[in-house]
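Novice: This is the structure I have questions about; it appears just below.
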Amino acid sequence: MQLAGAARYRLGAVDVDPSMLEAAWPGGRAAVQPRAMQVLTMLAEAEGSVVSRDQLVAGCWDGRAVSEDAINRVIHLLRALAETSGGRGFSIQTIAKVGYRLVPSESAKNGAAAPMMAAEPRLAVLAFDNLTGDPDLAYFTDGVSEEILHTVLKTTGLKVVGRSSSFALRGAEKSASRVAAQLGVTHLLDGSVRRAGDRLRITAELVECATQTSLWSDGFDRPLTDVFALQDEIAAAVAGALNVAFAPSRDVGPIDPIAYDLYLRARDTGADRFVPHATLLEQATARAPAFAQAWALLAYSRGLILRWGFGAGPFAAQRAGVLEAAERALALDPGSGLAFLALATTEPVCGGQEAHRALIAKALAAAPNEPLVLAHAAAIHDVAGFQRRALLYSARAYELDPRFAGFYHGSVIDAAGREEEARALFDRDLARWPDVFLLNTTAMRGACDTGDWERYDAIAALLPAAMLGNPIVTAVIALAKRLRNWSPEMAEAMLGELRREVRETGTAGLTPAGILGGRGLVDDAYAILESASFAHLFTPEGCLPLTELGLNVIFTPLYRAMRRDVRFVDLCARLGLADFWARSGEWPDFAEEVAPFYDLKAEVERVLASSASRDASERGFPARGGVPMPS
């Protein structure tokens, strides 16, 4: 089936563009893998009839011999897409021993092509101008602007560009034409904030970018205690001007001005700091115990501190602090997506996939268009080996806030085997935002891992001087110096360091093992990993070292040589992944990559069967069983 030039069609509320490999619906959009798009389009063209597996192979795989797993993986991708779109487009029925049937939602007409709607509104809320007369109050102006952004997002269901991208445009860059070109939006909301003591004056204007026409503008002069009601008023006005639904926020009543100020200060993390200020949030919640947003942000801040090992004191007490703040937030606001993300941080790194996914699903239901939630949804699939599914979420996060999500979206694209596309994305975003250190370091690290030193030097040359002292940047530069001068002596030194780590800590870093394996030392790397334990990662207090950003490293190009060795299956079992795949019946994307070397499903079954009689804690993974993975 040829996708180039294929006509666009609609399935329920989902608009499908085969030639652009894209599906869109009110409040969301996703990239679709080419084979999955072929299958979706073939099922749609069948207009409700059953399509056999043989027909799918003939039409979408050109009649080549493919395994049932290959077809199952595509069907899983499409079901994930249906789930991501909120079930408003279609579902896919399996007809036992026959094939599949696509069932559109009731608003579709048998899957037939339907006229496209006018482009849905896409809004950028810009950083309102600071008219306080005090540059030190910029945190307050930006904080109020961000709260308006979140209120519009939550109460209208509009697609709203994230803060990191829209707040990067200031001064002369706030013209409607520039905002539309930079962020791909149809409308912008801009204004100003003036604060005098406990009084607040806000002016706001909604502009249609194409015609540069003001659709609505107003001024508000209120006590700071009424700030939440004011945010709702602005959101309602935006909804009315764009003719979209509006659902008022929970009535939280007046807010203590000092508590609100502390909350905004806590949110002012800056470009390179990603942990909100927990101490300020503790002060805010002490002054305003009914302040749900402050409790949720406190829970999330504590969760990040807990998971990255930044905190002081007993782990159990820190974890209890996360749970307490999250539970307080949810008692006040059951739809707090941030509180669900905080709860997810308390799950073990390994062995907690089902519980972790269930919490992320709740966060998505509460905040389906929040880039931070979408990034977490991508991450939970990425660390389990489902890079294509992770792409559905990271692509949505990137669409809504490319400055924030670019570094991670590029990494997921790279891990999905689309290296050229990932490099192009990094190049484009580095040109736009050279000051985002995670974007710089991720691109540098990718070039370092692949030994592309010309590219590495080009990226490093763009680093702002202020970043050179950042510990993450320092670590990448130090690693690059070692790898670009690789020699047998260097290899032996790294092997010695990894062996010493096992002797002194009982465990081993996954990243250095991958570096060694990628440079021809697969046997040595596995010998070290096999002598290490990962049992601590199955306990709530088990943390990865700061040099290990996530288990997803084993699914990146760095581990390509390691994955092609059947011992990789044993490593996955020791990390709890093999058991998870077997219980869920879903198999990771790399199964296709390693098919010429071994049968992943058969090897997982073999490893799990052989380990069943061994002590689970000694092997580093729990006994089989447990709750099935949420669909």
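Residue numbering restarts at 1 for every chain of the structure tokens, chains are lettered A, B, ... in their displayed order, and ligands are numbered from 1 as they appear.
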Identify, on the basis of only C-alpha atoms, every residue whose closest approach to Ala513 of chain A does not exceed 10 Å; exclude the query and any residue fewer than 3 positions from it along the same chain; express the result as a count of residues only.
Specialist: 21
Novice: Determine, counting only C-alpha atoms, which protein, DNA and RNA residues have an atom within 12 Å of an atom of Ser164 of chain A; residues of the same chain fewer than 5 positions away are not included. Present the result as number ranges by chain.
Specialist: A: 124-127, 142, 146, 149, 169, 183, 268-272, 274, 371-372, 397-398, 400-406, 433, 435-436
Novice: Go ahead and save the picked residues with C-alpha atoms, as a PDB file, in the first residue's frame.
Specialist:
ATOM      1  CA  ALA A 124       0.418  30.191  22.840  1.00  0.00           C
ATOM      2  CA  VAL A 125       0.200  31.941  26.211  1.00  0.00           C
ATOM      3  CA  LEU A 126       3.156  34.323  26.273  1.00  0.00           C
ATOM      4  CA  ALA A 127       4.966  35.616  29.329  1.00  0.00           C
ATOM      5  CA  ASP A 142       5.989  34.777  34.841  1.00  0.00           C
ATOM      6  CA  GLU A 146       2.062  30.268  33.756  1.00  0.00           C
ATOM      7  CA  LEU A 149      -1.646  28.988  30.865  1.00  0.00           C
ATOM      8  CA  LEU A 169       9.615  34.704  23.117  1.00  0.00           C
ATOM      9  CA  LEU A 183       5.423  27.839  17.493  1.00  0.00           C
ATOM     10  CA  ASP A 268      10.732  29.746  39.444  1.00  0.00           C
ATOM     11  CA  THR A 269      13.301  27.009  38.866  1.00  0.00           C
ATOM     12  CA  GLY A 270      15.205  28.694  36.041  1.00  0.00           C
ATOM     13  CA  ALA A 271      16.448  27.215  32.786  1.00  0.00           C
ATOM     14  CA  ASP A 272      18.788  24.601  34.277  1.00  0.00           C
ATOM     15  CA  PHE A 274      14.265  21.066  37.279  1.00  0.00           C
ATOM     16  CA  PRO A 371       3.888  18.173  28.197  1.00  0.00           C
ATOM     17  CA  LEU A 372       5.353  17.043  31.529  1.00  0.00           C
ATOM     18  CA  ALA A 397       5.004  16.551  24.221  1.00  0.00           C
ATOM     19  CA  TYR A 398       7.366  17.908  21.570  1.00  0.00           C
ATOM     20  CA  LEU A 400       3.211  21.226  22.599  1.00  0.00           C
ATOM     21  CA  ASP A 401       6.577  22.311  24.049  1.00  0.00           C
ATOM     22  CA  PRO A 402       9.542  21.594  21.771  1.00  0.00           C
ATOM     23  CA  ARG A 403      12.012  23.590  23.863  1.00  0.00           C
ATOM     24  CA  PHE A 404      11.221  21.437  26.900  1.00  0.00           C
ATOM     25  CA  ALA A 405      10.743  18.052  25.208  1.00  0.00           C
ATOM     26  CA  GLY A 406      13.258  18.270  22.361  1.00  0.00           C
ATOM     27  CA  TRP A 433      17.672  27.213  21.597  1.00  0.00           C
ATOM     28  CA  ASP A 435      20.940  27.826  25.849  1.00  0.00           C
ATOM     29  CA  VAL A 436      19.076  24.606  26.775  1.00  0.00           C
TER      30      VAL A 436
END
Novice: Would you list the contacts of segment 591-602 of chain A as JSON, numbers by chain, taking every protein, DNA or RNA residue within 9 Å and counting only C-alpha atoms, but skipping same-chain residues closer than 5 positions in sequence?
Specialist: {"A": [69, 70, 563, 564, 565, 566, 569, 581, 582, 607]}
Novice: May I have the residues from that selection written out with all heavy atoms, as a PDB file, in the first residue's frame?
Specialist:
ATOM      1  N   ASP A  69       4.233 -12.268  15.309  1.00  0.00           N
ATOM      2  CA  ASP A  69       4.637 -11.213  16.245  1.00  0.00           C
ATOM      3  C   ASP A  69       4.736  -9.861  15.552  1.00  0.00           C
ATOM      4  O   ASP A  69       4.414  -8.822  16.140  1.00  0.00           O
ATOM      5  CB  ASP A  69       5.987 -11.561  16.890  1.00  0.00           C
ATOM      6  CG  ASP A  69       5.841 -12.561  18.026  1.00  0.00           C
ATOM      7  OD1 ASP A  69       4.695 -12.823  18.425  1.00  0.00           O
ATOM      8  OD2 ASP A  69       6.866 -13.082  18.494  1.00  0.00           O
ATOM      9  N   ALA A  70       5.208  -9.840  14.296  1.00  0.00           N
ATOM     10  CA  ALA A  70       5.330  -8.572  13.567  1.00  0.00           C
ATOM     11  C   ALA A  70       3.964  -7.935  13.379  1.00  0.00           C
ATOM     12  O   ALA A  70       3.797  -6.719  13.556  1.00  0.00           O
ATOM     13  CB  ALA A  70       5.997  -8.806  12.220  1.00  0.00           C
ATOM     14  N   ARG A 563      22.754  -6.147  22.588  1.00  0.00           N
ATOM     15  CA  ARG A 563      21.427  -6.734  22.360  1.00  0.00           C
ATOM     16  C   ARG A 563      21.486  -7.943  21.434  1.00  0.00           C
ATOM     17  O   ARG A 563      20.661  -8.848  21.541  1.00  0.00           O
ATOM     18  CB  ARG A 563      20.465  -5.690  21.773  1.00  0.00           C
ATOM     19  CG  ARG A 563      19.961  -4.683  22.764  1.00  0.00           C
ATOM     20  CD  ARG A 563      18.773  -3.905  22.221  1.00  0.00           C
ATOM     21  NE  ARG A 563      19.100  -3.126  21.038  1.00  0.00           N
ATOM     22  CZ  ARG A 563      19.595  -1.910  21.042  1.00  0.00           C
ATOM     23  NH1 ARG A 563      19.862  -1.310  22.191  1.00  0.00           N
ATOM     24  NH2 ARG A 563      19.853  -1.258  19.917  1.00  0.00           N
ATOM     25  N   ARG A 564      22.433  -7.960  20.522  1.00  0.00           N
ATOM     26  CA  ARG A 564      22.505  -9.057  19.554  1.00  0.00           C
ATOM     27  C   ARG A 564      23.104 -10.330  20.142  1.00  0.00           C
ATOM     28  O   ARG A 564      23.166 -11.355  19.473  1.00  0.00           O
ATOM     29  CB  ARG A 564      23.307  -8.588  18.329  1.00  0.00           C
ATOM     30  CG  ARG A 564      22.562  -7.512  17.550  1.00  0.00           C
ATOM     31  CD  ARG A 564      23.346  -6.962  16.385  1.00  0.00           C
ATOM     32  NE  ARG A 564      22.565  -5.958  15.664  1.00  0.00           N
ATOM     33  CZ  ARG A 564      22.993  -5.284  14.611  1.00  0.00           C
ATOM     34  NH1 ARG A 564      24.232  -5.499  14.159  1.00  0.00           N
ATOM     35  NH2 ARG A 564      22.220  -4.405  14.018  1.00  0.00           N
ATOM     36  N   ASP A 565      23.536 -10.244  21.375  1.00  0.00           N
ATOM     37  CA  ASP A 565      24.040 -11.414  22.095  1.00  0.00           C
ATOM     38  C   ASP A 565      22.906 -11.936  22.974  1.00  0.00           C
ATOM     39  O   ASP A 565      22.253 -11.174  23.686  1.00  0.00           O
ATOM     40  CB  ASP A 565      25.245 -11.007  22.951  1.00  0.00           C
ATOM     41  CG  ASP A 565      25.950 -12.189  23.572  1.00  0.00           C
ATOM     42  OD1 ASP A 565      25.301 -12.890  24.382  1.00  0.00           O
ATOM     43  OD2 ASP A 565      27.135 -12.409  23.267  1.00  0.00           O
ATOM     44  N   VAL A 566      22.677 -13.242  22.956  1.00  0.00           N
ATOM     45  CA  VAL A 566      21.544 -13.814  23.668  1.00  0.00           C
ATOM     46  C   VAL A 566      21.626 -13.574  25.175  1.00  0.00           C
ATOM     47  O   VAL A 566      20.608 -13.626  25.882  1.00  0.00           O
ATOM     48  CB  VAL A 566      21.434 -15.324  23.349  1.00  0.00           C
ATOM     49  CG1 VAL A 566      22.551 -16.110  24.034  1.00  0.00           C
ATOM     50  CG2 VAL A 566      20.059 -15.856  23.715  1.00  0.00           C
ATOM     51  N   VAL A 569      19.132 -11.238  27.039  1.00  0.00           N
ATOM     52  CA  VAL A 569      17.846 -11.672  27.601  1.00  0.00           C
ATOM     53  C   VAL A 569      17.978 -11.923  29.097  1.00  0.00           C
ATOM     54  O   VAL A 569      17.095 -11.566  29.882  1.00  0.00           O
ATOM     55  CB  VAL A 569      17.339 -12.927  26.874  1.00  0.00           C
ATOM     56  CG1 VAL A 569      15.986 -13.361  27.438  1.00  0.00           C
ATOM     57  CG2 VAL A 569      17.217 -12.666  25.370  1.00  0.00           C
ATOM     58  N   TRP A 581       7.346  -8.607  30.273  1.00  0.00           N
ATOM     59  CA  TRP A 581       6.897  -8.901  28.908  1.00  0.00           C
ATOM     60  C   TRP A 581       6.080 -10.185  28.867  1.00  0.00           C
ATOM     61  O   TRP A 581       5.063 -10.258  28.183  1.00  0.00           O
ATOM     62  CB  TRP A 581       8.108  -9.019  27.972  1.00  0.00           C
ATOM     63  CG  TRP A 581       8.932  -7.773  27.863  1.00  0.00           C
ATOM     64  CD1 TRP A 581       8.491  -6.488  27.942  1.00  0.00           C
ATOM     65  CD2 TRP A 581      10.344  -7.691  27.669  1.00  0.00           C
ATOM     66  NE1 TRP A 581       9.534  -5.608  27.814  1.00  0.00           N
ATOM     67  CE2 TRP A 581      10.690  -6.310  27.638  1.00  0.00           C
ATOM     68  CE3 TRP A 581      11.354  -8.628  27.519  1.00  0.00           C
ATOM     69  CZ2 TRP A 581      11.994  -5.877  27.458  1.00  0.00           C
ATOM     70  CZ3 TRP A 581      12.659  -8.187  27.340  1.00  0.00           C
ATOM     71  CH2 TRP A 581      12.974  -6.835  27.310  1.00  0.00           C
ATOM     72  N   ALA A 582       6.555 -11.196  29.581  1.00  0.00           N
ATOM     73  CA  ALA A 582       5.854 -12.480  29.570  1.00  0.00           C
ATOM     74  C   ALA A 582       4.469 -12.356  30.193  1.00  0.00           C
ATOM     75  O   ALA A 582       3.492 -12.916  29.686  1.00  0.00           O
ATOM     76  CB  ALA A 582       6.681 -13.531  30.313  1.00  0.00           C
ATOM     77  N   VAL A 607      14.725 -18.469  29.856  1.00  0.00           N
ATOM     78  CA  VAL A 607      15.393 -17.867  31.014  1.00  0.00           C
ATOM     79  C   VAL A 607      14.479 -17.879  32.229  1.00  0.00           C
ATOM     80  O   VAL A 607      14.905 -18.202  33.353  1.00  0.00           O
ATOM     81  CB  VAL A 607      15.851 -16.429  30.677  1.00  0.00           C
ATOM     82  CG1 VAL A 607      16.286 -15.695  31.938  1.00  0.00           C
ATOM     83  CG2 VAL A 607      16.980 -16.451  29.665  1.00  0.00           C
TER      84      VAL A 607
END
Novice: Find the residues near Gln387 of chain A: any atom within 12 Å, counting only C-alpha atoms, skip ones fewer than 6 places away on the same chain, and give them as a count of residues only.
Specialist: 32
Novice: According to DSSP computed on the backbone, where in segment 367-596 of chain A is there alpha helix (DSSP H)? Give the residues as a PyMOL selection string.
Specialist: chain A and resi 371-382+387-400+402-415+419-432+437-450+453-460+471-483+488-505+510-518+522-531+560-563+567-574+577-584+590-594
Novice: Write the selection just made, keeping C-alpha atoms, as a short mmCIF file (atom, residue, chain, number, x, y, z; two decimals), in the first residue's frame?
Specialist:
data_model
loop_
_atom_site.label_atom_id
_atom_site.label_comp_id
_atom_site.auth_asym_id
_atom_site.auth_seq_id
_atom_site.Cartn_x
_atom_site.Cartn_y
_atom_site.Cartn_z
CA PRO A 371 3.89 18.17 28.20
CA LEU A 372 5.35 17.04 31.53
CA VAL A 373 2.75 14.28 31.86
CA LEU A 374 3.26 13.23 28.24
CA ALA A 375 7.02 13.06 28.79
CA HIS A 376 6.51 10.75 31.77
CA ALA A 377 4.16 8.60 29.69
CA ALA A 378 6.84 8.33 27.03
CA ALA A 379 9.47 7.45 29.64
CA ILE A 380 7.52 4.57 31.19
CA HIS A 381 7.24 2.94 27.77
CA ASP A 382 10.82 3.78 26.82
CA GLN A 387 10.22 2.90 21.89
CA ARG A 388 7.59 3.20 19.15
CA ARG A 389 4.84 3.62 21.69
CA ALA A 390 7.01 6.06 23.61
CA LEU A 391 7.24 8.07 20.39
CA LEU A 392 3.46 8.61 20.37
CA TYR A 393 3.76 10.43 23.69
CA SER A 394 7.09 12.18 23.17
CA ALA A 395 5.87 13.49 19.80
CA ARG A 396 2.83 15.04 21.49
CA ALA A 397 5.00 16.55 24.22
CA TYR A 398 7.37 17.91 21.57
CA GLU A 399 4.53 19.38 19.55
CA LEU A 400 3.21 21.23 22.60
CA PRO A 402 9.54 21.59 21.77
CA ARG A 403 12.01 23.59 23.86
CA PHE A 404 11.22 21.44 26.90
CA ALA A 405 10.74 18.05 25.21
CA GLY A 406 13.26 18.27 22.36
CA PHE A 407 16.14 16.53 24.11
CA TYR A 408 14.02 13.54 25.10
CA HIS A 409 12.00 13.28 21.88
CA GLY A 410 15.23 13.24 19.87
CA SER A 411 16.59 10.46 22.07
CA VAL A 412 13.46 8.33 21.61
CA ILE A 413 13.59 8.84 17.84
CA ASP A 414 17.22 7.73 17.90
CA ALA A 415 16.41 4.66 20.00
CA GLU A 419 19.16 8.15 13.64
CA GLU A 420 19.17 10.63 10.74
CA GLU A 421 15.83 12.08 11.81
CA ALA A 422 17.08 12.43 15.39
CA ARG A 423 20.23 14.27 14.27
CA ALA A 424 18.16 16.63 12.12
CA LEU A 425 15.88 17.40 15.07
CA PHE A 426 18.82 18.12 17.36
CA ASP A 427 20.46 20.37 14.76
CA ARG A 428 17.27 22.34 14.22
CA ASP A 429 16.54 22.77 17.92
CA LEU A 430 20.13 23.65 18.85
CA ALA A 431 19.99 26.44 16.30
CA ARG A 432 16.79 27.75 17.93
CA PHE A 437 21.79 22.56 28.44
CA LEU A 438 19.93 19.21 28.31
CA LEU A 439 19.53 19.66 24.55
CA ASN A 440 23.25 20.39 24.18
CA THR A 441 24.42 17.57 26.41
CA THR A 442 22.05 14.98 24.92
CA ALA A 443 23.18 15.80 21.39
CA MET A 444 26.84 15.78 22.48
CA ARG A 445 26.39 12.48 24.27
CA GLY A 446 24.76 10.92 21.20
CA ALA A 447 27.68 11.99 19.00
CA CYS A 448 30.08 10.71 21.65
CA ASP A 449 28.40 7.28 21.86
CA THR A 450 28.58 6.83 18.08
CA TRP A 453 33.72 13.41 16.61
CA GLU A 454 33.22 16.00 13.88
CA ARG A 455 29.63 16.37 14.99
CA TYR A 456 30.61 16.33 18.66
CA ASP A 457 33.10 19.17 18.15
CA ALA A 458 30.54 21.23 16.23
CA ILE A 459 28.00 20.93 19.07
CA ALA A 460 30.59 21.51 21.80
CA PRO A 471 28.46 18.66 36.27
CA ILE A 472 26.51 16.88 33.52
CA VAL A 473 28.37 18.80 30.81
CA THR A 474 31.66 18.15 32.60
CA ALA A 475 30.94 14.41 32.71
CA VAL A 476 30.13 14.27 28.98
CA ILE A 477 33.31 16.18 28.08
CA ALA A 478 35.43 13.89 30.30
CA LEU A 479 33.88 10.78 28.71
CA ALA A 480 34.46 12.16 25.22
CA LYS A 481 38.15 12.73 25.95
CA ARG A 482 38.50 9.09 26.89
CA LEU A 483 36.51 7.62 24.03
CA PRO A 488 43.71 -1.12 24.46
CA GLU A 489 45.09 0.63 27.54
CA MET A 490 41.98 2.78 27.81
CA ALA A 491 39.78 -0.29 27.46
CA GLU A 492 41.66 -2.09 30.20
CA ALA A 493 41.38 0.94 32.46
CA MET A 494 37.61 1.12 32.01
CA LEU A 495 37.27 -2.62 32.59
CA GLY A 496 39.27 -2.23 35.79
CA GLU A 497 37.04 0.60 36.99
CA LEU A 498 33.90 -1.42 36.34
CA ARG A 499 35.28 -4.50 38.11
CA ARG A 500 36.26 -2.33 41.07
CA GLU A 501 32.76 -0.89 41.18
CA VAL A 502 31.32 -4.41 41.48
CA ARG A 503 33.77 -5.31 44.25
CA GLU A 504 33.06 -2.15 46.24
CA THR A 505 29.31 -1.69 45.68
CA LEU A 510 24.92 -0.14 32.64
CA THR A 511 26.30 2.74 30.57
CA PRO A 512 30.03 1.85 30.86
CA ALA A 513 29.17 -1.79 30.12
CA GLY A 514 27.43 -0.65 26.94
CA ILE A 515 30.41 1.48 25.96
CA LEU A 516 32.71 -1.52 26.33
CA GLY A 517 30.36 -3.83 24.46
CA GLY A 518 30.03 -1.36 21.62
CA VAL A 522 30.96 -7.83 24.67
CA ASP A 523 32.26 -10.90 26.53
CA ASP A 524 34.12 -8.79 29.09
CA ALA A 525 31.11 -6.52 29.60
CA TYR A 526 28.75 -9.43 30.19
CA ALA A 527 31.22 -11.15 32.51
CA ILE A 528 31.17 -8.06 34.73
CA LEU A 529 27.40 -7.58 34.54
CA GLU A 530 26.83 -11.23 35.41
CA SER A 531 28.87 -10.78 38.59
CA ARG A 560 23.22 -2.52 19.79
CA ALA A 561 26.08 -5.04 19.96
CA MET A 562 25.04 -6.16 23.45
CA ARG A 563 21.43 -6.73 22.36
CA ARG A 567 22.93 -12.97 27.11
CA PHE A 568 21.02 -9.72 26.79
CA VAL A 569 17.85 -11.67 27.60
CA ASP A 570 19.32 -12.75 30.93
CA LEU A 571 20.21 -9.13 31.70
CA CYS A 572 16.62 -8.11 30.93
CA ALA A 573 15.38 -10.88 33.24
CA ARG A 574 17.59 -9.62 36.05
CA LEU A 577 11.75 -6.75 32.15
CA ALA A 578 11.54 -10.31 30.80
CA ASP A 579 8.98 -11.23 33.44
CA PHE A 580 6.99 -8.10 32.63
CA TRP A 581 6.90 -8.90 28.91
CA ALA A 582 5.85 -12.48 29.57
CA ARG A 583 3.05 -11.46 31.96
CA SER A 584 1.71 -8.74 29.70
CA PHE A 590 13.93 -4.78 19.66
CA ALA A 591 12.50 -8.30 19.14
CA GLU A 592 12.44 -7.51 15.43
CA GLU A 593 16.01 -6.19 15.50
CA VAL A 594 17.44 -9.34 17.12
#
Novice: Can you tell me, as a list in words, what residues are no more than 9 Å from Lys159 of chain A when counting only C-alpha atoms, ignoring any on the same chain fewer than 4 positions away?
Specialist: Pro26, Gly27, Gly28, Glu120, Pro121, Arg122, Leu123, Ala124, Leu153, Asn369 and Leu400 of chain A
Novice: Got a sec: who's within 9 Å of segment 328-337 of chain A, counting only C-alpha atoms, leaving out chain neighbours fewer than 3 positions off, as a ChimeraX atom specification?
Specialist: /A:250,252,289-297,299,323-325,340-342,360,362-368,370,373
